Amino acid sequence: MRKCIITAASNMSIGTYAYLCGKITERFGDDISFERVTDDSVLGGFRMELDDTVWDLTIATQLNELRRNFAAQGDN
């Protein structure tokens, strides 16, 4: 059994969490157990760890990526 850890703020609804788990199961198979981790420093979005891969879809990471893109464009 593979393990998927989903880290999100405590305000992620049970429905949203269940939907997310369902989509992950559709994509990666039904041999996955899920662990929900609450981290109130996550302002929005979520972080997912499955096998040796991490998907960081938090708002903070997306904003940092946007800053890097603007900075790179300013260097041109």
# chains A, B, ... in the order shown; residues from 1 in each chain; ligands from 1
call {"tool": "residues_around", "arguments": {"residues": "A:Ala9", "least_positions_apart": "2", "cutoff": "10 Å", "atoms": "only C-alpha atoms", "output": "ChimeraX atom specification"}}
result
/A:7,11-13,37-46,58
call {"tool": "write_last_selection", "arguments": {"atoms": "C-alpha atoms", "output": "CSV table (one decimal), in the first residue's frame"}}
result
chain,number,residue,atom,x,y,z
A,7,THR,CA,-1.0,18.9,4.1
A,11,ASN,CA,-10.2,25.1,7.0
A,12,MET,CA,-10.1,22.6,4.1
A,13,SER,CA,-13.5,21.1,4.2
A,37,VAL,CA,-2.0,16.8,8.1
A,38,THR,CA,-3.3,20.1,9.3
A,39,ASP,CA,-0.8,23.1,9.1
A,40,ASP,CA,-2.3,26.5,9.7
A,41,SER,CA,0.7,28.1,8.1
A,42,VAL,CA,-0.7,27.0,4.8
A,43,LEU,CA,-2.9,29.9,3.8
A,44,GLY,CA,-4.4,28.2,0.8
A,45,GLY,CA,-3.9,25.3,-1.5
A,46,PHE,CA,-2.2,22.1,-0.4
A,58,THR,CA,0.2,26.1,-1.8
call {"tool": "residues_around", "arguments": {"residues": "A:Ala18", "least_positions_apart": "4", "cutoff": "12 Å", "atoms": "only C-alpha atoms", "output": "ChimeraX atom specification"}}
result
/A:6,12-14,22-25,34-36
call {"tool": "write_last_selection", "arguments": {"atoms": "N, CA and C atoms", "output": "PDB file, in the first residue's frame"}}
result
ATOM      1  N   ILE A   6      -1.400  14.522   2.589  1.00  0.00           N
ATOM      2  CA  ILE A   6      -1.935  15.797   2.113  1.00  0.00           C
ATOM      3  C   ILE A   6      -1.886  16.788   3.269  1.00  0.00           C
ATOM      4  N   MET A  12      -9.708  23.407   5.248  1.00  0.00           N
ATOM      5  CA  MET A  12     -10.075  22.587   4.089  1.00  0.00           C
ATOM      6  C   MET A  12     -11.247  21.701   4.510  1.00  0.00           C
ATOM      7  N   SER A  13     -12.333  21.806   3.794  1.00  0.00           N
ATOM      8  CA  SER A  13     -13.532  21.063   4.170  1.00  0.00           C
ATOM      9  C   SER A  13     -13.340  19.563   3.957  1.00  0.00           C
ATOM     10  N   ILE A  14     -14.158  18.793   4.642  1.00  0.00           N
ATOM     11  CA  ILE A  14     -14.127  17.338   4.482  1.00  0.00           C
ATOM     12  C   ILE A  14     -14.495  16.974   3.042  1.00  0.00           C
ATOM     13  N   GLY A  22     -10.283  11.344  -3.976  1.00  0.00           N
ATOM     14  CA  GLY A  22     -10.887  10.630  -5.094  1.00  0.00           C
ATOM     15  C   GLY A  22     -10.151  10.866  -6.397  1.00  0.00           C
ATOM     16  N   LYS A  23      -9.774  12.101  -6.653  1.00  0.00           N
ATOM     17  CA  LYS A  23      -9.043  12.430  -7.882  1.00  0.00           C
ATOM     18  C   LYS A  23      -7.650  11.799  -7.879  1.00  0.00           C
ATOM     19  N   ILE A  24      -7.003  11.802  -6.722  1.00  0.00           N
ATOM     20  CA  ILE A  24      -5.682  11.171  -6.621  1.00  0.00           C
ATOM     21  C   ILE A  24      -5.798   9.672  -6.877  1.00  0.00           C
ATOM     22  N   THR A  25      -6.833   9.050  -6.324  1.00  0.00           N
ATOM     23  CA  THR A  25      -7.061   7.619  -6.534  1.00  0.00           C
ATOM     24  C   THR A  25      -7.314   7.325  -8.013  1.00  0.00           C
ATOM     25  N   PHE A  34      -4.414   7.364   2.686  1.00  0.00           N
ATOM     26  CA  PHE A  34      -4.282   8.810   2.806  1.00  0.00           C
ATOM     27  C   PHE A  34      -4.075   9.216   4.255  1.00  0.00           C
ATOM     28  N   GLU A  35      -3.229  10.226   4.425  1.00  0.00           N
ATOM     29  CA  GLU A  35      -3.028  10.847   5.735  1.00  0.00           C
ATOM     30  C   GLU A  35      -3.233  12.339   5.554  1.00  0.00           C
ATOM     31  N   ARG A  36      -4.075  12.904   6.387  1.00  0.00           N
ATOM     32  CA  ARG A  36      -4.336  14.347   6.336  1.00  0.00           C
ATOM     33  C   ARG A  36      -3.553  15.016   7.453  1.00  0.00           C
TER      34      ARG A  36
END
call {"tool": "select_by_dssp", "arguments": {"residues": "chain A", "states": "strand (DSSP E or B)", "output": "list in words"}}
result
Arg2, Lys3, Cys4, Ile5, Ile6, Thr7, Ala8, Ile32, Ser33, Phe34, Glu35, Arg36, Val37, Thr38, Arg47, Met48, Glu49, Leu50, Thr53, Val54, Trp55 and Asp56 of chain A
call {"tool": "write_last_selection", "arguments": {"atoms": "C-alpha atoms", "output": "compact mmCIF listing (two decimals), in the first residue's frame"}}
result
# COMPACT_ATOMS: atom_id res chain seq x y z
CA ARG A 2 1.33 3.41 -0.99
CA LYS A 3 0.91 6.40 1.31
CA CYS A 4 -0.23 9.86 0.28
CA ILE A 5 0.18 12.72 2.74
CA ILE A 6 -1.93 15.80 2.11
CA THR A 7 -0.99 18.90 4.09
CA ALA A 8 -3.48 21.77 4.17
CA ILE A 32 -3.15 4.39 -1.73
CA SER A 33 -3.80 5.17 1.92
CA PHE A 34 -4.28 8.81 2.81
CA GLU A 35 -3.03 10.85 5.74
CA ARG A 36 -4.34 14.35 6.34
CA VAL A 37 -1.98 16.79 8.05
CA THR A 38 -3.25 20.13 9.30
CA ARG A 47 0.97 20.04 -0.41
CA MET A 48 0.89 16.40 -1.47
CA GLU A 49 3.53 13.73 -0.99
CA LEU A 50 3.22 10.41 -2.81
CA THR A 53 7.36 13.00 -5.29
CA VAL A 54 6.11 16.21 -3.68
CA TRP A 55 3.58 18.52 -5.31
CA ASP A 56 3.50 21.88 -3.55
call {"tool": "atom_distance", "arguments": {"atom1": "atom CA of A:Gly29", "atom2": "atom CA of A:Met1"}}
result
10.4 Å
